[in-house]
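**Student:** Contents of data-v9.txt (compact mmCIF, C-alpha atoms (C1' of nucleotides)):
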# COMPACT_ATOMS: atom_id res chain seq x y z
CA MET A 1 -22.57 2.14 -29.47
CA ASN A 2 -21.01 0.68 -26.38
CA GLY A 3 -24.17 -0.08 -24.45
CA GLY A 4 -22.46 -1.39 -21.35
CA PRO A 5 -19.34 -2.88 -19.83
CA ASN A 6 -19.00 -6.18 -21.69
CA LYS A 7 -17.06 -8.45 -19.42
CA PRO A 8 -13.71 -9.15 -21.03
CA ARG A 9 -12.80 -12.71 -21.98
CA GLY A 10 -9.68 -14.82 -21.80
CA ARG A 11 -6.47 -13.04 -21.03
CA ASP A 12 -8.16 -9.67 -20.49
CA ARG A 13 -10.55 -11.20 -18.02
CA VAL A 14 -7.66 -12.62 -16.01
CA MET A 15 -5.99 -9.21 -16.01
CA SER A 16 -8.98 -7.27 -14.79
CA GLU A 17 -9.97 -9.74 -12.07
CA ALA A 18 -6.35 -9.85 -10.94
CA ALA A 19 -6.14 -6.07 -10.90
CA ALA A 20 -9.28 -5.80 -8.78
CA LEU A 21 -7.86 -8.24 -6.23
CA PHE A 22 -4.45 -6.57 -6.18
CA VAL A 23 -6.19 -3.28 -5.40
CA GLN A 24 -7.93 -4.74 -2.37
CA GLN A 25 -5.21 -6.97 -0.98
CA GLY A 26 -1.87 -6.07 -2.46
CA TYR A 27 0.46 -8.31 -4.41
CA ALA A 28 1.61 -10.85 -1.86
CA ALA A 29 -1.77 -11.36 -0.23
CA THR A 30 -3.42 -12.16 -3.55
CA SER A 31 -2.96 -15.78 -4.63
CA LEU A 32 -3.27 -17.21 -8.11
CA ARG A 33 -5.99 -19.51 -6.80
CA GLN A 34 -8.01 -16.47 -5.73
CA ILE A 35 -7.60 -14.84 -9.11
CA ALA A 36 -8.51 -18.08 -10.86
CA GLU A 37 -11.62 -18.44 -8.74
CA ALA A 38 -12.74 -14.92 -9.70
CA VAL A 39 -12.25 -15.79 -13.37
CA GLN A 40 -13.89 -19.16 -12.84
CA ILE A 41 -10.97 -21.18 -14.09
CA LYS A 42 -8.25 -23.18 -12.29
CA ALA A 43 -5.01 -21.61 -11.14
CA ALA A 44 -2.83 -23.59 -13.55
CA SER A 45 -4.76 -22.15 -16.51
CA ILE A 46 -3.39 -18.70 -15.73
CA TYR A 47 -0.02 -19.92 -16.95
CA HIS A 48 -1.43 -20.25 -20.44
CA HIS A 49 -1.83 -16.45 -20.48
CA PHE A 50 1.09 -15.30 -18.35
CA ASP A 51 4.55 -16.63 -17.57
CA SER A 52 4.31 -16.02 -13.83
CA LYS A 53 2.52 -14.07 -11.15
CA GLU A 54 5.11 -11.33 -11.54
CA ASP A 55 4.50 -11.21 -15.28
CA LEU A 56 0.77 -10.87 -14.67
CA PHE A 57 1.23 -8.09 -12.19
CA GLY A 58 3.72 -6.27 -14.40
CA THR A 59 1.17 -6.33 -17.21
CA VAL A 60 -1.48 -4.92 -14.87
CA LEU A 61 0.85 -2.10 -13.82
CA ASN A 62 1.63 -1.15 -17.40
CA GLN A 63 -2.04 -1.16 -18.29
CA GLY A 64 -2.67 1.16 -15.35
CA ILE A 65 -0.16 3.64 -16.73
CA ALA A 66 -1.58 3.33 -20.23
CA VAL A 67 -5.03 4.24 -18.94
CA MET A 68 -3.64 7.30 -17.15
CA VAL A 69 -1.67 8.47 -20.19
CA ASP A 70 -4.67 7.99 -22.41
CA ALA A 71 -6.88 10.03 -20.07
CA PHE A 72 -4.27 12.78 -19.90
CA GLU A 73 -3.94 13.05 -23.64
CA ARG A 74 -7.66 13.24 -24.22
CA ALA A 75 -7.91 16.01 -21.64
CA ALA A 76 -5.00 17.82 -23.28
CA ALA A 77 -6.89 18.03 -26.56
CA LEU A 78 -9.19 20.66 -25.10
CA ASP A 79 -7.95 24.22 -25.50
CA GLN A 80 -8.90 26.30 -22.49
CA PRO A 81 -7.58 28.78 -19.94
CA MET A 82 -4.81 27.26 -17.83
CA ASP A 83 -6.84 26.92 -14.61
CA ASP A 84 -9.52 25.01 -16.51
CA GLN A 85 -6.89 22.86 -18.21
CA ILE A 86 -5.49 21.84 -14.86
CA LYS A 87 -8.94 21.09 -13.54
CA GLN A 88 -9.65 18.98 -16.63
CA HIS A 89 -6.46 17.02 -16.07
CA VAL A 90 -7.27 16.44 -12.42
CA ARG A 91 -10.66 15.18 -13.53
CA ALA A 92 -9.02 12.94 -16.12
CA HIS A 93 -6.62 11.47 -13.55
CA LEU A 94 -9.49 10.73 -11.18
CA GLY A 95 -11.45 9.27 -14.08
CA ALA A 96 -8.57 6.89 -14.79
CA LEU A 97 -8.65 5.90 -11.14
CA PHE A 98 -12.39 5.28 -10.81
CA GLU A 99 -14.03 5.00 -14.22
CA HIS A 100 -11.75 2.95 -16.50
CA GLY A 101 -11.36 -0.39 -14.78
CA PRO A 102 -9.19 -1.42 -11.85
CA PHE A 103 -5.82 -1.08 -13.63
CA THR A 104 -4.88 2.43 -12.59
CA ALA A 105 -6.18 1.80 -9.09
CA ALA A 106 -4.01 -1.32 -8.92
CA HIS A 107 -1.03 0.72 -9.99
CA VAL A 108 -1.63 3.29 -7.28
CA THR A 109 -2.42 1.02 -4.35
CA ALA A 110 -0.32 -2.05 -5.12
CA PHE A 111 2.76 -0.58 -6.77
CA PHE A 112 4.73 -0.54 -3.54
CA THR A 113 3.65 -4.04 -2.59
CA ALA A 114 5.21 -5.43 -5.79
CA PRO A 115 8.53 -7.26 -5.71
CA PRO A 116 11.39 -4.89 -6.56
CA PRO A 117 12.02 -6.32 -10.06
CA VAL A 118 8.40 -5.79 -11.05
CA ARG A 119 8.46 -2.27 -9.64
CA ALA A 120 11.67 -1.44 -11.48
CA ALA A 121 10.23 -2.61 -14.79
CA ALA A 122 7.24 -0.28 -14.42
CA ILE A 123 9.24 2.83 -13.59
CA PRO A 124 10.03 4.09 -17.13
CA ALA A 125 6.37 4.20 -18.13
CA ARG A 126 5.55 5.80 -14.80
CA ASP A 127 8.19 8.46 -15.38
CA GLY A 128 6.67 9.17 -18.77
CA TYR A 129 3.31 9.98 -17.21
CA GLU A 130 4.89 12.18 -14.57
CA LYS A 131 6.72 14.08 -17.28
CA LEU A 132 3.42 14.96 -18.95
CA TRP A 133 2.32 16.60 -15.72
CA ASN A 134 5.64 18.31 -15.07
CA ASP A 135 5.53 19.85 -18.55
CA LEU A 136 1.97 21.06 -18.06
CA LEU A 137 2.72 22.61 -14.67
CA ARG A 138 5.94 24.21 -15.84
CA VAL A 139 3.87 26.17 -18.35
CA ALA A 140 1.16 26.94 -15.81
CA PHE A 141 3.61 28.22 -13.20
CA ALA A 142 6.33 29.72 -15.34
CA ASP A 143 7.60 31.81 -12.44
CA LEU A 144 8.41 28.75 -10.29
CA SER A 145 11.67 26.83 -10.40
CA ASP A 146 11.66 23.34 -11.87
CA SER A 147 12.20 21.83 -8.43
CA ASP A 148 9.26 23.77 -6.99
CA VAL A 149 7.06 22.62 -9.86
CA HIS A 150 8.22 19.07 -9.22
CA LEU A 151 7.53 19.39 -5.50
CA HIS A 152 4.03 20.74 -5.93
CA ARG A 153 3.25 18.07 -8.51
CA LEU A 154 4.22 15.40 -5.98
CA ILE A 155 1.93 16.99 -3.39
CA LEU A 156 -0.90 17.13 -5.93
CA PHE A 157 -0.38 13.49 -6.90
CA GLY A 158 -0.55 12.52 -3.24
CA ALA A 159 -3.86 14.33 -2.88
CA MET A 160 -5.31 12.73 -6.02
CA ASN A 161 -4.07 9.19 -5.56
CA THR A 162 -5.07 8.82 -1.94
CA THR A 163 -8.71 9.39 -2.87
CA ILE A 164 -8.72 5.71 -3.79
CA GLU A 165 -8.69 4.98 -0.07
CA TRP A 166 -11.85 6.87 0.81
CA PHE A 167 -13.79 8.17 -2.20
CA ASP A 168 -16.96 6.26 -3.02
CA PRO A 169 -18.15 6.79 -6.61
CA LYS A 170 -21.64 5.79 -5.50
CA GLY A 171 -21.74 8.36 -2.69
CA THR A 172 -23.24 11.84 -2.74
CA LEU A 173 -20.01 13.56 -3.77
CA THR A 174 -19.51 13.28 -7.53
CA LEU A 175 -16.18 12.86 -9.30
CA ASP A 176 -16.64 16.30 -10.86
CA GLN A 177 -17.07 17.84 -7.43
CA LEU A 178 -14.06 15.97 -6.09
CA ALA A 179 -11.91 17.10 -9.02
CA ASP A 180 -13.11 20.65 -8.42
CA ALA A 181 -12.21 20.51 -4.72
CA ILE A 182 -8.73 19.13 -5.38
CA ALA A 183 -7.98 21.51 -8.25
CA THR A 184 -9.22 24.50 -6.25
CA GLN A 185 -7.18 23.57 -3.20
CA PHE A 186 -4.18 23.14 -5.50
CA LEU A 187 -4.62 26.43 -7.33
CA THR A 188 -5.88 28.83 -4.68
CA GLY A 189 -5.98 27.04 -1.33
CA VAL A 190 -8.85 26.15 0.95
CA THR A 191 -9.85 29.64 1.98
CA SER A 192 -10.93 30.80 -1.47
CA MET B 1 20.12 13.19 28.53
CA ASN B 2 19.15 11.02 25.62
CA GLY B 3 22.43 11.09 23.74
CA GLY B 4 21.32 8.98 20.84
CA PRO B 5 18.89 6.42 19.55
CA ASN B 6 19.50 3.48 21.89
CA LYS B 7 18.37 0.45 20.02
CA PRO B 8 15.38 -0.94 21.84
CA ARG B 9 15.57 -4.40 23.37
CA GLY B 10 13.26 -7.35 23.65
CA ARG B 11 9.66 -6.77 22.72
CA ASP B 12 10.24 -3.19 21.58
CA ARG B 13 13.04 -4.30 19.29
CA VAL B 14 10.74 -6.85 17.65
CA MET B 15 8.12 -4.16 17.17
CA SER B 16 10.40 -1.63 15.53
CA GLU B 17 12.13 -4.08 13.21
CA ALA B 18 8.75 -5.49 12.25
CA ALA B 19 7.39 -2.01 11.59
CA ALA B 20 10.33 -1.16 9.35
CA LEU B 21 9.76 -4.29 7.28
CA PHE B 22 6.00 -3.77 7.10
CA VAL B 23 6.67 -0.29 5.73
CA GLN B 24 8.81 -1.62 2.90
CA GLN B 25 6.92 -4.76 1.99
CA GLY B 26 3.43 -4.67 3.43
CA TYR B 27 1.89 -7.16 5.81
CA ALA B 28 1.60 -10.31 3.72
CA ALA B 29 5.01 -10.04 2.08
CA THR B 30 6.76 -9.77 5.44
CA SER B 31 7.41 -13.11 7.11
CA LEU B 32 8.06 -13.78 10.76
CA ARG B 33 11.38 -15.36 9.77
CA GLN B 34 12.40 -12.08 8.11
CA ILE B 35 11.48 -10.11 11.20
CA ALA B 36 13.31 -12.57 13.42
CA GLU B 37 16.42 -12.30 11.28
CA ALA B 38 16.38 -8.50 11.61
CA VAL B 39 16.11 -8.85 15.40
CA GLN B 40 18.72 -11.61 15.37
CA ILE B 41 16.54 -14.17 17.03
CA LYS B 42 14.60 -17.16 15.70
CA ALA B 43 11.07 -16.90 14.42
CA ALA B 44 9.56 -19.02 17.19
CA SER B 45 10.89 -16.58 19.80
CA ILE B 46 8.54 -13.90 18.52
CA TYR B 47 5.68 -15.88 20.04
CA HIS B 48 7.03 -15.18 23.47
CA HIS B 49 6.28 -11.48 22.91
CA PHE B 50 3.17 -11.65 20.70
CA ASP B 51 0.30 -14.07 20.28
CA SER B 52 0.41 -14.04 16.50
CA LYS B 53 1.59 -12.11 13.46
CA GLU B 54 -1.72 -10.26 13.50
CA ASP B 55 -1.24 -9.34 17.14
CA LEU B 56 2.22 -7.98 16.35
CA PHE B 57 0.96 -5.92 13.46
CA GLY B 58 -2.00 -4.60 15.42
CA THR B 59 0.39 -3.42 18.11
CA VAL B 60 2.53 -1.68 15.50
CA LEU B 61 -0.54 0.07 14.07
CA ASN B 62 -1.63 1.32 17.47
CA GLN B 63 1.85 2.58 18.23
CA GLY B 64 1.81 4.46 14.91
CA ILE B 65 -1.37 6.25 15.95
CA ALA B 66 -0.01 6.98 19.40
CA VAL B 67 3.03 8.69 17.87
CA MET B 68 0.80 10.82 15.65
CA VAL B 69 -1.51 11.82 18.49
CA ASP B 70 1.45 12.68 20.69
CA ALA B 71 2.98 14.85 17.96
CA PHE B 72 -0.35 16.60 17.39
CA GLU B 73 -0.83 17.38 21.06
CA ARG B 74 2.63 18.79 21.50
CA ALA B 75 2.08 21.04 18.48
CA ALA B 76 -1.28 22.12 19.87
CA ALA B 77 0.36 23.43 23.02
CA LEU B 78 1.78 26.38 21.09
CA ASP B 79 -0.49 29.39 20.91
CA GLN B 80 -0.17 31.12 17.56
CA PRO B 81 -2.10 32.62 14.65
CA MET B 82 -4.22 30.00 12.92
CA ASP B 83 -2.10 29.75 9.76
CA ASP B 84 0.99 29.10 11.87
CA GLN B 85 -0.90 26.58 13.97
CA ILE B 86 -1.83 24.62 10.89
CA LYS B 87 1.71 24.75 9.62
CA GLN B 88 2.95 23.51 13.00
CA HIS B 89 0.54 20.61 12.86
CA VAL B 90 1.55 19.70 9.34
CA ARG B 91 5.15 19.74 10.54
CA ALA B 92 4.21 17.57 13.51
CA HIS B 93 2.44 15.03 11.31
CA LEU B 94 5.46 14.82 9.00
CA GLY B 95 7.70 14.54 12.06
CA ALA B 96 5.67 11.54 13.23
CA LEU B 97 6.13 10.03 9.80
CA PHE B 98 9.90 10.53 9.48
CA GLU B 99 11.46 11.34 12.83
CA HIS B 100 9.88 9.09 15.47
CA GLY B 101 10.56 5.55 14.32
CA PRO B 102 8.86 3.44 11.69
CA PHE B 103 5.51 3.03 13.49
CA THR B 104 3.57 5.86 11.92
CA ALA B 105 5.07 5.09 8.53
CA ALA B 106 3.96 1.48 8.95
CA HIS B 107 0.48 2.67 9.78
CA VAL B 108 0.31 4.81 6.65
CA THR B 109 1.82 2.42 4.11
CA ALA B 110 0.72 -0.95 5.45
CA PHE B 111 -2.70 -0.22 6.95
CA PHE B 112 -4.53 -1.31 3.81
CA THR B 113 -2.42 -4.43 3.45
CA ALA B 114 -3.53 -5.68 6.86
CA PRO B 115 -6.13 -8.44 7.21
CA PRO B 116 -9.60 -6.94 7.77
CA PRO B 117 -9.82 -7.90 11.47
CA VAL B 118 -6.55 -6.12 12.21
CA ARG B 119 -7.66 -3.08 10.25
CA ALA B 120 -10.99 -2.98 12.02
CA ALA B 121 -9.34 -3.08 15.43
CA ALA B 122 -7.20 -0.05 14.56
CA ILE B 123 -10.03 2.11 13.29
CA PRO B 124 -11.23 3.64 16.57
CA ALA B 125 -7.79 5.04 17.43
CA ARG B 126 -7.43 6.22 13.84
CA ASP B 127 -10.76 8.00 14.05
CA GLY B 128 -9.61 9.71 17.21
CA TYR B 129 -6.64 11.23 15.44
CA GLU B 130 -8.74 12.36 12.51
CA LYS B 131 -11.14 14.03 14.91
CA LEU B 132 -8.31 16.15 16.33
CA TRP B 133 -7.69 17.49 12.82
CA ASN B 134 -11.35 17.96 12.00
CA ASP B 135 -11.80 20.02 15.16
CA LEU B 136 -8.78 22.15 14.36
CA LEU B 137 -9.88 22.80 10.80
CA ARG B 138 -13.47 23.54 11.80
CA VAL B 139 -12.15 26.42 13.86
CA ALA B 140 -9.74 27.54 11.15
CA PHE B 141 -12.41 27.55 8.44
CA ALA B 142 -15.49 28.47 10.38
CA ASP B 143 -17.29 29.56 7.20
CA LEU B 144 -17.06 26.10 5.61
CA SER B 145 -19.58 23.31 6.11
CA ASP B 146 -18.55 20.29 8.15
CA SER B 147 -18.51 18.14 5.04
CA ASP B 148 -16.26 20.61 3.21
CA VAL B 149 -13.89 20.68 6.17
CA HIS B 150 -13.90 16.90 6.16
CA LEU B 151 -13.24 16.79 2.42
CA HIS B 152 -10.33 19.20 2.53
CA ARG B 153 -8.84 17.35 5.49
CA LEU B 154 -8.88 14.14 3.47
CA ILE B 155 -7.13 15.90 0.60
CA LEU B 156 -4.54 17.32 3.00
CA PHE B 157 -3.96 13.91 4.58
CA GLY B 158 -3.39 12.44 1.14
CA ALA B 159 -0.80 15.09 0.38
CA MET B 160 1.00 14.57 3.71
CA ASN B 161 0.91 10.78 3.87
CA THR B 162 2.06 10.14 0.33
CA THR B 163 5.33 11.95 1.06
CA ILE B 164 6.44 8.64 2.60
CA GLU B 165 6.72 7.34 -0.96
CA TRP B 166 9.18 9.92 -2.23
CA PHE B 167 10.57 12.23 0.46
CA ASP B 168 14.15 11.54 1.50
CA PRO B 169 15.03 13.00 4.91
CA LYS B 170 18.69 12.95 3.88
CA GLY B 171 18.06 14.91 0.68
CA THR B 172 18.44 18.66 0.13
CA LEU B 173 14.80 19.45 0.94
CA THR B 174 14.31 19.66 4.72
CA LEU B 175 11.23 18.54 6.61
CA ASP B 176 10.58 22.17 7.57
CA GLN B 177 10.59 23.19 3.92
CA LEU B 178 8.34 20.29 3.00
CA ALA B 179 5.88 21.18 5.74
CA ASP B 180 5.94 24.76 4.53
CA ALA B 181 5.22 23.75 0.94
CA ILE B 182 2.32 21.50 1.91
CA ALA B 183 0.80 23.97 4.36
CA THR B 184 1.12 26.81 1.85
CA GLN B 185 -0.48 24.80 -0.94
CA PHE B 186 -3.24 23.88 1.48
CA LEU B 187 -3.89 27.41 2.73
CA THR B 188 -3.36 29.61 -0.31
CA GLY B 189 -2.62 27.38 -3.33
CA VAL B 190 0.46 27.04 -5.48
CA THR B 191 0.37 30.45 -7.09
CA SER B 192 1.04 32.42 -3.94
C1' DG C 1 -7.58 -23.05 -23.46
C1' DT C 2 -8.61 -25.59 -19.54
C1' DC C 3 -8.05 -29.46 -16.72
C1' DT C 4 -5.85 -32.93 -12.91
C1' DA C 5 -1.99 -34.14 -10.41
C1' DT C 6 1.98 -33.09 -8.22
C1' DA C 7 6.51 -31.18 -7.24
C1' DA C 8 9.24 -27.98 -4.46
C1' DC C 9 9.11 -24.74 -1.19
C1' DA C 10 7.68 -21.08 2.39
C1' DT C 11 4.62 -19.86 5.89
C1' DG C 12 2.33 -19.28 10.65
C1' DA C 13 2.14 -21.66 14.59
C1' DT C 14 3.01 -25.23 18.52
C1' DA C 15 5.64 -28.36 21.84
C1' DG C 16 9.02 -28.82 24.82
C1' DA C 17 14.17 -28.50 26.14
C1' DC C 18 17.39 -25.30 28.25
C1' DG D 1 13.67 -15.44 26.73
C1' DT D 2 15.51 -18.10 23.25
C1' DC D 3 16.29 -22.33 21.10
C1' DT D 4 15.44 -26.85 17.93
C1' DA D 5 12.26 -29.63 15.77
C1' DT D 6 8.11 -30.27 13.66
C1' DC D 7 3.22 -29.91 11.84
C1' DA D 8 -0.31 -28.49 8.83
C1' DT D 9 -1.28 -25.65 5.34
C1' DG D 10 -0.85 -22.65 1.40
C1' DT D 11 2.01 -21.04 -2.32
C1' DT D 12 3.99 -20.70 -7.21
C1' DA D 13 4.95 -23.39 -10.83
C1' DT D 14 5.41 -27.56 -14.06
C1' DA D 15 3.96 -31.86 -16.75
C1' DG D 16 0.99 -33.84 -19.51
C1' DA D 17 -4.00 -35.32 -20.75
C1' DC D 18 -8.06 -33.68 -23.24
Will you turn the file into structure tokens for me?

**Tutor:**
Amino acid sequence: MNGGPNKPRGRDRVMSEAAALFVQQGYAATSLRQIAEAVQIKAASIYHHFDSKEDLFGTVLNQGIAVMVDAFERAAALDQPMDDQIKQHVRAHLGALFEHGPFTAAHVTAFFTAPPPVRAAAIPARDGYEKLWNDLLRVAFADLSDSDVHLHRLILFGAMNTTIEWFDPKGTLTLDQLADAIATQFLTGVTS
Amino acid sequence: MNGGPNKPRGRDRVMSEAAALFVQQGYAATSLRQIAEAVQIKAASIYHHFDSKEDLFGTVLNQGIAVMVDAFERAAALDQPMDDQIKQHVRAHLGALFEHGPFTAAHVTAFFTAPPPVRAAAIPARDGYEKLWNDLLRVAFADLSDSDVHLHRLILFGAMNTTIEWFDPKGTLTLDQLADAIATQFLTGVTS
DNA sequence: GTCTATAACATGATAGAC
DNA sequence: GTCTATCATGTTATAGAC
């Protein structure tokens, strides 16, 4: 039984505190001293775990993707009608963003604040996740062209990822309701 | 006749070069020396036009809102069926993002990288723009609750604003087509 | 695995000449 | 309105003790 969120130790602790700060402030505005303070160590100690600030951030980005891919694959295991499958995957994506640590959130909000080399290194894994979605939607909308599927996936991703800027998991709207609203708007529009 | 995009001079030039850099790199990663280099002046000269880096960025943010509000109001002047009105406003919002200088883009991509005081100062104007949309959508979807209208506006904004991360105005997809795709997905879903 | 001390550099900002 | 020169501070990163 996993009774609660055991705070990670050592390297993992550095990663998750760093990710949380990158989410709030972006890459450049977050200093190693700030991260160290959150972990309750000194800045120089971070270099025992990571080669550089860029290395640390690259690791955070990759972890963010891994969380998303993992969520997608667990949602894919369920066999359901296509509309429900899509809704499950929207829910899984939002779960990765809000319920599985700050890594995916860091990927979404801080990706474009990263130095170009760090961004470039994260792109292959990112493409892999996007391919999972493209394949799903190609099946769901078999009558659409590949470029239309791609376009509507981008619009859907925009809708999902921007929730990080305003959705409050402790508010009255639940994640299930949010996933439902986004999936419905995606599938049948607002008027339905 | 405005034959072409005359490069602005003086203070305006500083603002637009700064906005372009803030879009690409965020607030913290953009230095005054970088901005000065783009304007072809020295960093200290920026202080003749602005009190501080925060002042400069705050001015950029406000200009970004002003461009959006202006685009919205010119779209509102047209009297059309509601679905076309919404499509016109989506097109206007995207126009503000891609066709009227880097100010609106800076607002969208760099707003959350700004120091909290700067962000706070920009919120009233930002709220004003969001109210324009809420009022429009309340009329369009009179059967929905205010909170549902608000929710679906947030989802729509996410879809529109994230296009800044991937849409290429020089690519094969035109802004009109993009606006059409987003408005259609919003109004009737992907399947239509 | 964490510390202290420090190097090497970049940053925002100011003073004052022209 | 722009410049040069400079200050004070904060940054990433390294060296070496414990």

**Student:** Quick one: distance from CA of Val23 (chain A) to CA of Pro102 (chain B) in Å, one decimal?

**Tutor:**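 A separation of 23.7 Å between them.
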
**Student:** Taking only C-alpha atoms into account, report as a PDB file with C-alpha atoms, in the frame of the given file which residues of chain A lie within 9 Å of chain B.

**Tutor:**
ATOM      1  CA  GLN A  24      -7.930  -4.740  -2.370  1.00  0.00           C
ATOM      2  CA  GLN A  25      -5.210  -6.970  -0.980  1.00  0.00           C
ATOM      3  CA  GLY A  26      -1.870  -6.070  -2.460  1.00  0.00           C
ATOM      4  CA  TYR A  27       0.460  -8.310  -4.410  1.00  0.00           C
ATOM      5  CA  ALA A  28       1.610 -10.850  -1.860  1.00  0.00           C
ATOM      6  CA  ALA A  29      -1.770 -11.360  -0.230  1.00  0.00           C
ATOM      7  CA  THR A 109      -2.420   1.020  -4.350  1.00  0.00           C
ATOM      8  CA  PHE A 112       4.730  -0.540  -3.540  1.00  0.00           C
ATOM      9  CA  THR A 113       3.650  -4.040  -2.590  1.00  0.00           C
ATOM     10  CA  ALA A 114       5.210  -5.430  -5.790  1.00  0.00           C
ATOM     11  CA  PRO A 115       8.530  -7.260  -5.710  1.00  0.00           C
ATOM     12  CA  PHE A 141       3.610  28.220 -13.200  1.00  0.00           C
ATOM     13  CA  LEU A 144       8.410  28.750 -10.290  1.00  0.00           C
ATOM     14  CA  ASP A 148       9.260  23.770  -6.990  1.00  0.00           C
ATOM     15  CA  LEU A 151       7.530  19.390  -5.500  1.00  0.00           C
ATOM     16  CA  HIS A 152       4.030  20.740  -5.930  1.00  0.00           C
ATOM     17  CA  LEU A 154       4.220  15.400  -5.980  1.00  0.00           C
ATOM     18  CA  ILE A 155       1.930  16.990  -3.390  1.00  0.00           C
ATOM     19  CA  LEU A 156      -0.900  17.130  -5.930  1.00  0.00           C
ATOM     20  CA  PHE A 157      -0.380  13.490  -6.900  1.00  0.00           C
ATOM     21  CA  GLY A 158      -0.550  12.520  -3.240  1.00  0.00           C
ATOM     22  CA  ALA A 159      -3.860  14.330  -2.880  1.00  0.00           C
ATOM     23  CA  MET A 160      -5.310  12.730  -6.020  1.00  0.00           C
ATOM     24  CA  ASN A 161      -4.070   9.190  -5.560  1.00  0.00           C
ATOM     25  CA  THR A 162      -5.070   8.820  -1.940  1.00  0.00           C
ATOM     26  CA  THR A 163      -8.710   9.390  -2.870  1.00  0.00           C
ATOM     27  CA  GLU A 165      -8.690   4.980  -0.070  1.00  0.00           C
ATOM     28  CA  TRP A 166     -11.850   6.870   0.810  1.00  0.00           C
ATOM     29  CA  LEU A 178     -14.060  15.970  -6.090  1.00  0.00           C
ATOM     30  CA  ALA A 181     -12.210  20.510  -4.720  1.00  0.00           C
ATOM     31  CA  ILE A 182      -8.730  19.130  -5.380  1.00  0.00           C
ATOM     32  CA  THR A 184      -9.220  24.500  -6.250  1.00  0.00           C
ATOM     33  CA  GLN A 185      -7.180  23.570  -3.200  1.00  0.00           C
ATOM     34  CA  PHE A 186      -4.180  23.140  -5.500  1.00  0.00           C
ATOM     35  CA  LEU A 187      -4.620  26.430  -7.330  1.00  0.00           C
ATOM     36  CA  THR A 188      -5.880  28.830  -4.680  1.00  0.00           C
ATOM     37  CA  GLY A 189      -5.980  27.040  -1.330  1.00  0.00           C
ATOM     38  CA  VAL A 190      -8.850  26.150   0.950  1.00  0.00           C
ATOM     39  CA  THR A 191      -9.850  29.640   1.980  1.00  0.00           C
ATOM     40  CA  SER A 192     -10.930  30.800  -1.470  1.00  0.00           C
TER      41      SER A 192
END

**Student:** May I ask for the distance between CA of Asp176 (chain A) and CA of Gly95 (chain A), given in Å to one decimal place?

**Tutor:**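 Between CA of Asp176 (chain A) and CA of Gly95 (chain A) the gap works out to 9.3 Å.
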
**Student:** Sort by chain and increasing residue number a table of all residues of chain B within 10 Å of chain D, each with its closest pair of atoms and their distance in Å to one decimal, counting all atoms listed in the file, and write it as CSV.

**Tutor:**
residue,atom,partner,partner_atom,distance
B:Gly10,CA,D:DG1,C1',8.7
B:Ile41,CA,D:DT2,C1',7.4
B:Lys42,CA,D:DT2,C1',7.7
B:Ala43,CA,D:DT2,C1',10.0
B:Ala44,CA,D:DC3,C1',8.5
B:Ser45,CA,D:DT2,C1',6.0
B:Ile46,CA,D:DT2,C1',9.4
B:His48,CA,D:DG1,C1',7.4
B:His49,CA,D:DG1,C1',9.2

**Student:** Using only C-alpha atoms (C1' of nucleotides), find the residues of chain B whose closest atom to chain C is at most 10 Å away, then write them as a ChimeraX atom specification.

**Tutor:** /B:31-33,43-44,47,51-53

**Student:** Quote the spacing between CA of Gly128 (chain B) and CA of Met68 (chain B) in Å to one decimal place.

**Tutor:**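 Calculated distance between CA of Gly128 (chain B) and CA of Met68 (chain B) is 10.6 Å.
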
**Student:** Which residues, written as a ChimeraX atom specification, have at least one atom at most 12 Å from Gln63 (chain B), with only C-alpha atoms (C1' of nucleotides) counted and residues fewer than 2 positions away on the same chain left out?

**Tutor:** /B:12,15-16,19,56-61,65-70,96,100-108,122,125-126
